[in-house]
Amino acid sequence: MLTYAGLFLLSAATLAFEVTLTRIFSVAQFYHFAFMVVSLALLGFGASGTFLSLFPQLKERDPARMLPLLGWGFALGAIGSYALTLYLPFDSFRIALDWRQGAVLALHYVALAAPFFCSGLAMGLSLAAHPEKASRTYAANLIGSAAGCLLAVIAPTLMGGEGTVLLAAALAGLAALTFQHRPISNRSIETLASSVEPHSRKNLQSLLPRLAQLALVALLILAAVNTPRWLHIRLSPYKGLSYALLLPDAELVSRRWNGFSRVDVVRSASIRSLPGRGFLCPDLPPPQLGLTVDGDDLSPISHVEPGIADAAFTDCLLLALPYRLRPDARTLVLEPRGGFDVLVALAEGARHVTAVEANPLIVAAVRDQEEWAGNLYNDPRVTVALEEGRSYARRSQEKVDVVVLSLTSPQRAVTSGAYSLAEDYRYTVNGFDDYLARLDEDGLLVVTRWLQVPPSESVRAFALAVEAVEQTGGDPATDIVALRSYQQMLVLARKGPFTPAELEAIRAFAAPRAFDLVYLPGIRPDEVNRHNVMQEPDYYRACIGLLEAEDRKAWYREYPFDVEPPADDRPFFDHFFKWGQAPEVLAMAGHTWQPFGGAGYFVPLALLALAVFAAGVLILLPLAARRRRETGRRKPAGIMLGYFAFLGLGYLCVEIPLLQRFILFLGHPAYAMAAVLFALLLFSGLGSLLSRRVRLGPALILLPILIAGYALGLPVLFEATLAAPLAARLLITVIALAPPGLLMGMPFPAGLALLEQNAPTLIAQAWGINGAVSVVASILAALLALSSGFSAVLVVGAACYVAAWGASPIFTDARR
């Protein structure tokens with residue numbers, strides 16, 4: 001029983017470390033870097049199976065001697081590999097210019113795989129040594145992993161991301177102590193006092209190492225609560241916070257962690273921001289602080305007087321236009337971060353502003369500035385809703401005059417596709433439908449995006465407005481206007497046609513502020529490209545071309561970038577890459593100051609190729625090494641091991657899209673990761689316990705049917721329950737994922753039990769292959785979702801379980 005407890009603790013430590021790594025590297029580097037590092041770290045699991053296959057004599061030894069060493073191996077490996085990434089950092093911007101960065105990245109892969117190798121080897125040894133107990137062993141692993149997911153969300157609030165790494169190491173140390181079976185009792189402690197006799201001295205000698213280990217665990221826990229400075233995260237020099245801290249008078253005002261973000265506030269006289277201003281704007285912005293989330297996307301907190309009702313600097317902003325059209329507006333601002341869009345609304349005469357911000361740390365950071373920031377989030381005209389914007393828009397029944405979708409991301413080059421992987425459910429056709437539903441008659445939806453040449457993200461935002469207006473029964477030719485400054489484009493979608501008086505007011509607003517008209521109903525070609533003059537009126541032509549296209553799908557296909565409006569099934573607003581761009585992107589590689597030398601989209605593809613190669617080696621090497629000694633096996637080894645490969649591929653092709661789909665439902669990736677992994681792993685653990693009581697064949701038939709049903713049914717579930725409170729949505733998530741989780745936990749231990757009867761020497765290889773294929777699957781599933789959507793990935797997962805069902809008779813006739 002203590003062995004199961006040790007596996008539970010080690011598995012919890014493993015998942016807590018893995019999830020925390022995604023957070024740490026999202027802060028220290030960028031989203032895509034976290035994705036790569038954690039995916040390749042999973043190679044440690046596959047490597048552990050290969051190691052057992054190449055050294056089968058390990059399985060003949062007593063695992064009780066190895067497991068404590070592996071527990072401490074994980075603990076020291078986790079701390080050591082994390083420290084390596086701090087003191088030998090990877091520079092993604094220089095990789096195309098400096099070959100040494102490739103070596104650093106490879107070293108990170110190997111180092112980060114080490115703790116996972118130890119954890120995987122402990123699990124593999126336990127399975128190989130006692131295959132008859134596979135269901136209980138696998139259950140301890142999965143249920144412990146579920147607990148680790150929750151820990152990774154709760155612990156950073158108390159001790160930060162760095163402290164959570166140390167806490168995971170402490171859990172692994174506790175696992176090592178648990179594996180040693182003999183708890184330190186009062187009687188053992190009394191032995192210390194009576195150590196004068198030889199027998200007592202012998203007991204003391206055996207007890208001291210365990211006391212030393214217990215002291216080390218206590219030290220790790222203390223260090224987790226108060227993390228040493230030498231283990232603090234070191235930001236990439238290319239993140240917004242790093243740039244801000246380089247300013248001569250920069251001062252860090254505050255730093256806070258929660259389970260899904262790190263929020264920093266920095267002070268400097270040089271921080272000034274007036275997004276969307278015209279170049280004729282005579283007024284300077286007020287003094288400002290900079291607020292960053294995960295070290296990036298700097299947002300201003302402005303110094304204004306409490307009760308602000310007017311500010312000269314807002315007059316020349318694009319965002320002032322909707323309030324000139326709708327004076328005394330009831331306004332809904334979604335994700336205002338530092339509150340600049342709320343400030344503009346109040347200064348331009350809005351009657352009331354509802355600010356919907358999902359991150360309580362952001363709201364706390366603004367409120368901390370009190371009167372200096374005008375008590376903005378405590379202003380009686382402002383209501384703050386701590387909720388995800390989509391959920392609030394679906395739940396609220398209140399009608400407003402203006403809905404503002406705040407622009408939270410900085411201006412970035414999009415040609416490389418380096419930022420394609422991030423899901424953004426705010427910018428989908430389904431999301432725009434929700435926002436339009438909150439508008440009163442004649443209300444305005446306000447969207448701003450950065451300008452790019454050739455046009456990309458602004459054209460996609462315009463296309464989103466076009467599709468959403470059509471779906472809600474409007475006419476985009478009469479219900480949408482667009483104009484631009486020298487940096488941003490503003491899109492207004494109206495509930496009904498713009499009136500002639502409103503169109504005249506828009507022209508009168510734009511001209512003296514040097515804003516260029518992009519599209520208005522009835523616009524003339526001579527009205528565009530007058531102030532911020534481009535070589536060609538590309539934005540006007542793109543918007544007119546989109547509206548006038550007889551076959552809009554064909555227009556999207558012919559456009560240089562992928563600007564087709566995203567949907568909830570494929571919510572990748574920043575994914576503009578088309579294969580026709582490949583020659584240009586490759587030609588730019590190493591000649592542009594972007595992550596991975598400007599070839600960002602090809603990095604996941606290269607990673608996939610590397611993972612396929614590594615997994616192939618992990619599979620083929622042990623098979624080749626053992627083939628001569630096991631030629632007499634009764635059943636084909638390839639099909640047997642293929643069964644476990646299909647299980648690994650199928651599990652990840654279900655898990656990854658569910659993680660991404662539930663981001664919308666739960667409001668944040670961290671909540672989705674914790675809840676989905678917790679539910680799937682918990683119920684998979686229970687399914688493992690039930691695997692000896694349920695026939696494998698029917699379970700494998702029912703599972704793909706259920707998965708296919710989820711591909712069709714999840715959008716319906718979300719549509720019906722997205723407006724529910726977060727606690728209710730968390731409960732719905734756990735209940736909804738119980739059936740697939742239960743069934744997904746059965747095939748692996750059931751297969752191991754059948755393998756024990758037919759080819760017990762393949763158990764270690766089965767564990768290794770399952771882990772190695774999981775690495776490939778985690779990358780492949782993300783890329784498939786990027787190109788084809790989450791439903792398609794779920795269908796692939798269902799097909800993998802069908803293939804596993806087809807391979808299962810090779811063990812036996814699949815009858816229990």
# chains A, B, ... in the order shown; residues from 1 in each chain; ligands from 1
$ select_by_dssp --residues "segment 452-542 of chain A" --states "helix (DSSP H, G or I)" --output "number ranges by chain"
A: 457-471, 476-479, 500-513, 525-527, 538-542
$ residues_around --residues "Arg693 of chain A" --least-positions-apart "5" --cutoff "12 Å" --atoms "only C-alpha atoms" --output "PDB file with C-alpha atoms, in the first residue's frame"
ATOM      1  CA  SER A 135      -4.644  -1.702 -12.714  1.00  0.00           C
ATOM      2  CA  LEU A 686     -11.007   4.822 -11.592  1.00  0.00           C
ATOM      3  CA  GLY A 687     -11.399   3.184 -14.990  1.00  0.00           C
ATOM      4  CA  SER A 688      -8.067   1.475 -14.471  1.00  0.00           C
ATOM      5  CA  ALA A 699     -15.163  -0.681 -23.927  1.00  0.00           C
ATOM      6  CA  MET A 746      -9.415   0.884 -19.141  1.00  0.00           C
ATOM      7  CA  PRO A 749      -4.071  -1.756 -17.914  1.00  0.00           C
ATOM      8  CA  ALA A 750      -6.315  -4.291 -19.669  1.00  0.00           C
ATOM      9  CA  ARG A 815     -13.039 -12.049 -24.205  1.00  0.00           C
ATOM     10  CA  ARG A 816     -12.429 -11.762 -20.504  1.00  0.00           C
TER      11      ARG A 816
END
$ residues_around --residues "segment 474-484 of chain A" --least-positions-apart "2" --cutoff "6 Å" --atoms "only C-alpha atoms" --output "count of residues only"
21
$ residues_around --residues "Arg570 of chain A" --least-positions-apart "5" --cutoff "12 Å" --atoms "only C-alpha atoms" --output "ChimeraX atom specification"
/A:420-425,427-430,564-565,575,657,660-661,664,782-793
$ atom_distance --atom1 "atom CA of Thr85 of chain A" --atom2 "atom CA of Ile362 of chain A"
28.0 Å
$ residues_around --residues "Gly431 of chain A" --least-positions-apart "3" --cutoff "12 Å" --atoms "only C-alpha atoms" --output "ChimeraX atom specification"
/A:334,388-394,405,424-428,434-438,445,461,464-465,467-469,471,565-569,571,573,664,719,722
$ closest_residue --among "A:Ala111, A:Met66, A:Leu166, A:Leu343" --to "His232 of chain A" --atoms "only C-alpha atoms"
A:Leu166
$ select_by_dssp --residues "segment 175-343 of chain A" --states "strand (DSSP E or B)" --output "compact mmCIF listing (two decimals) with N, CA and C atoms, in the first residue's frame"
# COMPACT_ATOMS: atom_id res chain seq x y z
N GLU A 251 11.40 51.29 -12.05
CA GLU A 251 11.27 50.74 -10.70
C GLU A 251 10.11 49.75 -10.70
N LEU A 252 10.35 48.56 -10.19
CA LEU A 252 9.29 47.56 -10.08
C LEU A 252 8.41 47.91 -8.89
N VAL A 253 7.14 48.19 -9.15
CA VAL A 253 6.22 48.60 -8.11
C VAL A 253 5.62 47.41 -7.38
N SER A 254 5.20 46.39 -8.12
CA SER A 254 4.58 45.22 -7.49
C SER A 254 4.70 44.01 -8.41
N ARG A 255 4.58 42.84 -7.80
CA ARG A 255 4.58 41.57 -8.54
C ARG A 255 3.69 40.59 -7.78
N ARG A 256 2.78 39.98 -8.52
CA ARG A 256 1.88 38.99 -7.91
C ARG A 256 1.73 37.80 -8.84
N TRP A 257 1.54 36.63 -8.23
CA TRP A 257 1.25 35.40 -8.96
C TRP A 257 -0.15 34.91 -8.60
N ASN A 258 -0.78 34.27 -9.54
CA ASN A 258 -1.90 33.37 -9.22
C ASN A 258 -1.73 32.11 -10.06
N SER A 261 -1.29 33.33 -14.00
CA SER A 261 -0.59 34.50 -14.53
C SER A 261 0.38 35.05 -13.50
N ARG A 262 1.28 35.90 -14.00
CA ARG A 262 2.10 36.75 -13.14
C ARG A 262 1.88 38.18 -13.60
N VAL A 263 1.50 39.05 -12.69
CA VAL A 263 1.20 40.45 -13.02
C VAL A 263 2.25 41.34 -12.35
N ASP A 264 2.92 42.16 -13.17
CA ASP A 264 3.93 43.10 -12.69
C ASP A 264 3.49 44.52 -13.01
N VAL A 265 3.86 45.45 -12.15
CA VAL A 265 3.64 46.88 -12.39
C VAL A 265 4.98 47.58 -12.27
N VAL A 266 5.33 48.38 -13.28
CA VAL A 266 6.62 49.06 -13.31
C VAL A 266 6.39 50.56 -13.48
N ARG A 267 7.24 51.35 -12.83
CA ARG A 267 7.14 52.82 -12.91
C ARG A 267 8.34 53.37 -13.64
N ARG A 277 -3.79 57.08 -31.57
CA ARG A 277 -3.79 58.53 -31.73
C ARG A 277 -3.50 58.90 -33.18
N GLN A 288 2.19 57.67 -16.56
CA GLN A 288 1.61 56.34 -16.58
C GLN A 288 2.55 55.32 -15.95
N LEU A 289 1.94 54.28 -15.39
CA LEU A 289 2.65 53.07 -14.99
C LEU A 289 2.43 52.02 -16.07
N GLY A 290 3.32 51.03 -16.11
CA GLY A 290 3.16 49.94 -17.06
C GLY A 290 2.76 48.66 -16.35
N LEU A 291 1.69 48.03 -16.81
CA LEU A 291 1.22 46.75 -16.25
C LEU A 291 1.46 45.66 -17.28
N THR A 292 2.11 44.58 -16.85
CA THR A 292 2.36 43.46 -17.76
C THR A 292 1.76 42.17 -17.18
N VAL A 293 1.37 41.29 -18.06
CA VAL A 293 0.88 39.96 -17.70
C VAL A 293 1.85 38.95 -18.29
N ASP A 296 4.74 40.52 -20.37
CA ASP A 296 4.59 41.05 -21.72
C ASP A 296 3.27 41.82 -21.83
N ASP A 297 3.01 42.32 -23.04
CA ASP A 297 1.76 43.02 -23.35
C ASP A 297 1.53 44.19 -22.39
N LEU A 298 2.48 45.12 -22.39
CA LEU A 298 2.43 46.24 -21.45
C LEU A 298 1.19 47.08 -21.70
N SER A 299 0.46 47.35 -20.61
CA SER A 299 -0.77 48.15 -20.65
C SER A 299 -0.62 49.32 -19.68
N PRO A 300 -1.05 50.53 -20.07
CA PRO A 300 -0.84 51.69 -19.19
C PRO A 300 -1.88 51.80 -18.09
N ILE A 301 -1.41 52.21 -16.92
CA ILE A 301 -2.27 52.68 -15.82
C ILE A 301 -2.02 54.18 -15.73
N SER A 302 -3.03 54.99 -16.04
CA SER A 302 -2.83 56.43 -16.24
C SER A 302 -3.12 57.22 -14.98
N VAL A 304 -4.73 60.18 -13.43
CA VAL A 304 -5.80 61.15 -13.66
C VAL A 304 -6.43 61.49 -12.32
N LEU A 317 -8.04 60.38 -30.25
CA LEU A 317 -7.92 58.93 -30.29
C LEU A 317 -9.03 58.34 -31.15
N ARG A 330 -24.14 53.88 -22.33
CA ARG A 330 -23.94 52.75 -21.42
C ARG A 330 -22.93 51.84 -22.12
N THR A 331 -21.80 51.59 -21.46
CA THR A 331 -20.66 50.97 -22.14
C THR A 331 -20.23 49.69 -21.45
N LEU A 332 -19.89 48.71 -22.27
CA LEU A 332 -19.32 47.45 -21.79
C LEU A 332 -17.92 47.33 -22.38
N VAL A 333 -16.90 47.26 -21.51
CA VAL A 333 -15.50 47.14 -21.95
C VAL A 333 -14.99 45.77 -21.54
N LEU A 334 -14.54 44.99 -22.51
CA LEU A 334 -14.08 43.63 -22.25
C LEU A 334 -12.56 43.59 -22.18
$ residues_around --residues "segment 120-123 of chain A" --least-positions-apart "4" --cutoff "7 Å" --atoms "only C-alpha atoms" --output "number ranges by chain"
A: 44-45, 48-49, 67, 70, 116, 127
$ closest_residue --among "A:Glu371, A:Thr383, A:Gly638, A:Leu208" --to "Ala759 of chain A" --atoms "only C-alpha atoms"
A:Gly638
$ closest_atom_pairs --of "segment 406-454 of chain A" --to "segment 531-539 of chain A" --cutoff "10 Å" --atoms "only C-alpha atoms" --output "tab-separated table"
residue	atom	partner	partner_atom	distance
A:Leu451	CA	A:Tyr539	CA	9.2
A:Gln452	CA	A:Tyr539	CA	9.7
A:Val453	CA	A:Asp538	CA	8.5
A:Pro454	CA	A:Asp538	CA	7.4
$ write_last_selection --atoms "C-alpha atoms" --output "compact mmCIF listing (two decimals), in the first residue's frame"
# COMPACT_ATOMS: atom_id res chain seq x y z
CA LEU A 451 -1.88 47.80 -38.92
CA GLN A 452 0.33 45.40 -40.83
CA VAL A 453 1.68 45.55 -44.36
CA PRO A 454 0.34 43.67 -46.23
$ atom_distance --atom1 "atom CA of Phe17 of chain A" --atom2 "atom CA of Leu167 of chain A"
8.7 Å
$ decode --residues "segment 286-428 of chain A" --atoms "C-alpha atoms" --output "short mmCIF file (atom, residue, chain, number, x, y, z; two decimals), in the first residue's frame"
data_model
loop_
_atom_site.label_atom_id
_atom_site.label_comp_id
_atom_site.auth_asym_id
_atom_site.auth_seq_id
_atom_site.Cartn_x
_atom_site.Cartn_y
_atom_site.Cartn_z
CA PRO A 286 -0.53 61.75 -18.65
CA PRO A 287 2.11 60.07 -16.45
CA GLN A 288 1.61 56.34 -16.58
CA LEU A 289 2.65 53.07 -14.99
CA GLY A 290 3.16 49.94 -17.06
CA LEU A 291 1.22 46.75 -16.25
CA THR A 292 2.36 43.46 -17.76
CA VAL A 293 0.88 39.96 -17.70
CA ASP A 294 3.43 37.15 -17.84
CA GLY A 295 6.09 39.82 -18.45
CA ASP A 296 4.59 41.05 -21.72
CA ASP A 297 1.76 43.02 -23.35
CA LEU A 298 2.43 46.24 -21.45
CA SER A 299 -0.77 48.15 -20.65
CA PRO A 300 -0.84 51.69 -19.19
CA ILE A 301 -2.27 52.68 -15.82
CA SER A 302 -2.83 56.43 -16.24
CA HIS A 303 -2.51 59.20 -13.67
CA VAL A 304 -5.80 61.15 -13.66
CA GLU A 305 -7.88 62.96 -11.10
CA PRO A 306 -10.69 61.02 -9.35
CA GLY A 307 -14.08 61.53 -10.97
CA ILE A 308 -12.57 62.35 -14.38
CA ALA A 309 -15.17 63.75 -16.81
CA ASP A 310 -12.91 65.27 -19.45
CA ALA A 311 -9.36 64.79 -20.75
CA ALA A 312 -7.87 66.69 -23.68
CA PHE A 313 -5.65 63.80 -24.78
CA THR A 314 -8.64 61.53 -25.57
CA ASP A 315 -9.96 63.87 -28.27
CA CYS A 316 -7.48 62.66 -30.90
CA LEU A 317 -7.92 58.93 -30.29
CA LEU A 318 -9.74 56.56 -32.62
CA LEU A 319 -11.56 55.20 -29.58
CA ALA A 320 -13.22 58.58 -28.98
CA LEU A 321 -15.38 58.18 -32.12
CA PRO A 322 -18.02 55.77 -30.74
CA TYR A 323 -18.75 58.16 -27.87
CA ARG A 324 -19.15 61.08 -30.27
CA LEU A 325 -21.75 58.96 -32.06
CA ARG A 326 -23.31 57.71 -28.79
CA PRO A 327 -23.01 60.43 -26.13
CA ASP A 328 -24.01 59.44 -22.59
CA ALA A 329 -23.44 55.81 -23.57
CA ARG A 330 -23.94 52.75 -21.42
CA THR A 331 -20.66 50.97 -22.14
CA LEU A 332 -19.32 47.45 -21.79
CA VAL A 333 -15.50 47.14 -21.95
CA LEU A 334 -14.08 43.63 -22.25
CA GLU A 335 -10.61 43.01 -20.77
CA PRO A 336 -9.50 46.64 -20.22
CA ARG A 337 -6.30 45.58 -18.37
CA GLY A 338 -4.83 48.79 -16.93
CA GLY A 339 -8.12 50.57 -17.59
CA PHE A 340 -7.19 52.91 -20.44
CA ASP A 341 -10.33 52.13 -22.47
CA VAL A 342 -12.44 52.65 -19.33
CA LEU A 343 -10.73 56.00 -18.81
CA VAL A 344 -11.45 57.06 -22.41
CA ALA A 345 -15.11 56.10 -22.03
CA LEU A 346 -15.50 58.20 -18.85
CA ALA A 347 -13.58 61.16 -20.29
CA GLU A 348 -15.76 61.08 -23.41
CA GLY A 349 -18.97 61.23 -21.40
CA ALA A 350 -20.10 57.64 -20.94
CA ARG A 351 -22.92 57.39 -18.42
CA HIS A 352 -21.82 54.03 -17.00
CA VAL A 353 -19.04 51.57 -17.77
CA THR A 354 -19.00 47.87 -17.00
CA ALA A 355 -15.39 46.65 -17.04
CA VAL A 356 -15.16 42.87 -17.46
CA GLU A 357 -11.73 41.59 -16.42
CA ALA A 358 -11.06 37.89 -15.81
CA ASN A 359 -7.82 38.34 -13.85
CA PRO A 360 -8.31 39.58 -10.27
CA LEU A 361 -4.61 40.44 -10.01
CA ILE A 362 -5.02 43.06 -12.73
CA VAL A 363 -7.94 44.69 -10.95
CA ALA A 364 -5.99 44.64 -7.67
CA ALA A 365 -2.95 46.21 -9.34
CA VAL A 366 -5.04 49.13 -10.66
CA ARG A 367 -6.89 49.59 -7.38
CA ASP A 368 -3.58 49.66 -5.51
CA GLN A 369 -2.81 52.99 -7.19
CA GLU A 370 -5.90 54.52 -5.54
CA GLU A 371 -6.22 58.28 -6.13
CA TRP A 372 -3.09 58.43 -8.30
CA ALA A 373 -5.03 56.46 -10.94
CA GLY A 374 -8.28 58.30 -10.24
CA ASN A 375 -9.72 55.43 -8.20
CA LEU A 376 -10.70 54.16 -11.63
CA TYR A 377 -12.02 50.73 -10.67
CA ASN A 378 -13.73 52.19 -7.60
CA ASP A 379 -15.43 55.03 -9.50
CA PRO A 380 -19.21 54.97 -8.88
CA ARG A 381 -19.74 55.11 -12.65
CA VAL A 382 -17.72 51.89 -13.12
CA THR A 383 -18.82 48.35 -12.31
CA VAL A 384 -16.05 45.74 -12.35
CA ALA A 385 -17.03 42.16 -13.22
CA LEU A 386 -14.36 39.53 -12.43
CA GLU A 387 -15.31 37.20 -15.22
CA GLU A 388 -14.24 36.08 -18.67
CA GLY A 389 -15.70 38.34 -21.34
CA ARG A 390 -17.43 35.67 -23.41
CA SER A 391 -19.08 34.20 -20.35
CA TYR A 392 -20.26 37.62 -19.18
CA ALA A 393 -21.63 38.50 -22.61
CA ARG A 394 -23.58 35.25 -22.66
CA ARG A 395 -24.81 35.53 -19.07
CA SER A 396 -25.73 39.20 -18.88
CA GLN A 397 -29.14 40.28 -20.07
CA GLU A 398 -28.36 44.00 -19.82
CA LYS A 399 -28.37 45.96 -23.09
CA VAL A 400 -25.70 48.60 -23.70
CA ASP A 401 -24.98 51.29 -26.28
CA VAL A 402 -21.29 50.49 -26.84
CA VAL A 403 -19.32 47.25 -26.51
CA VAL A 404 -15.52 47.74 -26.61
CA LEU A 405 -13.24 44.78 -27.24
CA SER A 406 -9.98 46.12 -25.80
CA LEU A 407 -6.76 45.51 -27.69
CA THR A 408 -4.42 43.82 -25.19
CA SER A 409 -1.62 42.52 -27.43
CA PRO A 410 1.29 44.63 -28.73
CA GLN A 411 2.04 45.14 -32.40
CA ARG A 412 3.81 42.12 -33.86
CA ALA A 413 5.01 40.93 -37.24
CA VAL A 414 2.67 38.17 -38.40
CA THR A 415 4.36 36.84 -41.52
CA SER A 416 6.37 34.25 -39.62
CA GLY A 417 3.44 32.64 -37.85
CA ALA A 418 5.41 32.67 -34.59
CA TYR A 419 2.31 33.58 -32.56
CA SER A 420 -0.10 31.20 -34.27
CA LEU A 421 -0.48 28.69 -31.48
CA ALA A 422 -2.34 30.84 -28.94
CA GLU A 423 -6.10 30.35 -28.70
CA ASP A 424 -8.16 33.54 -28.49
CA TYR A 425 -11.88 32.97 -28.06
CA ARG A 426 -12.58 36.70 -27.95
CA TYR A 427 -11.95 36.98 -31.67
CA THR A 428 -14.25 34.35 -33.17
#
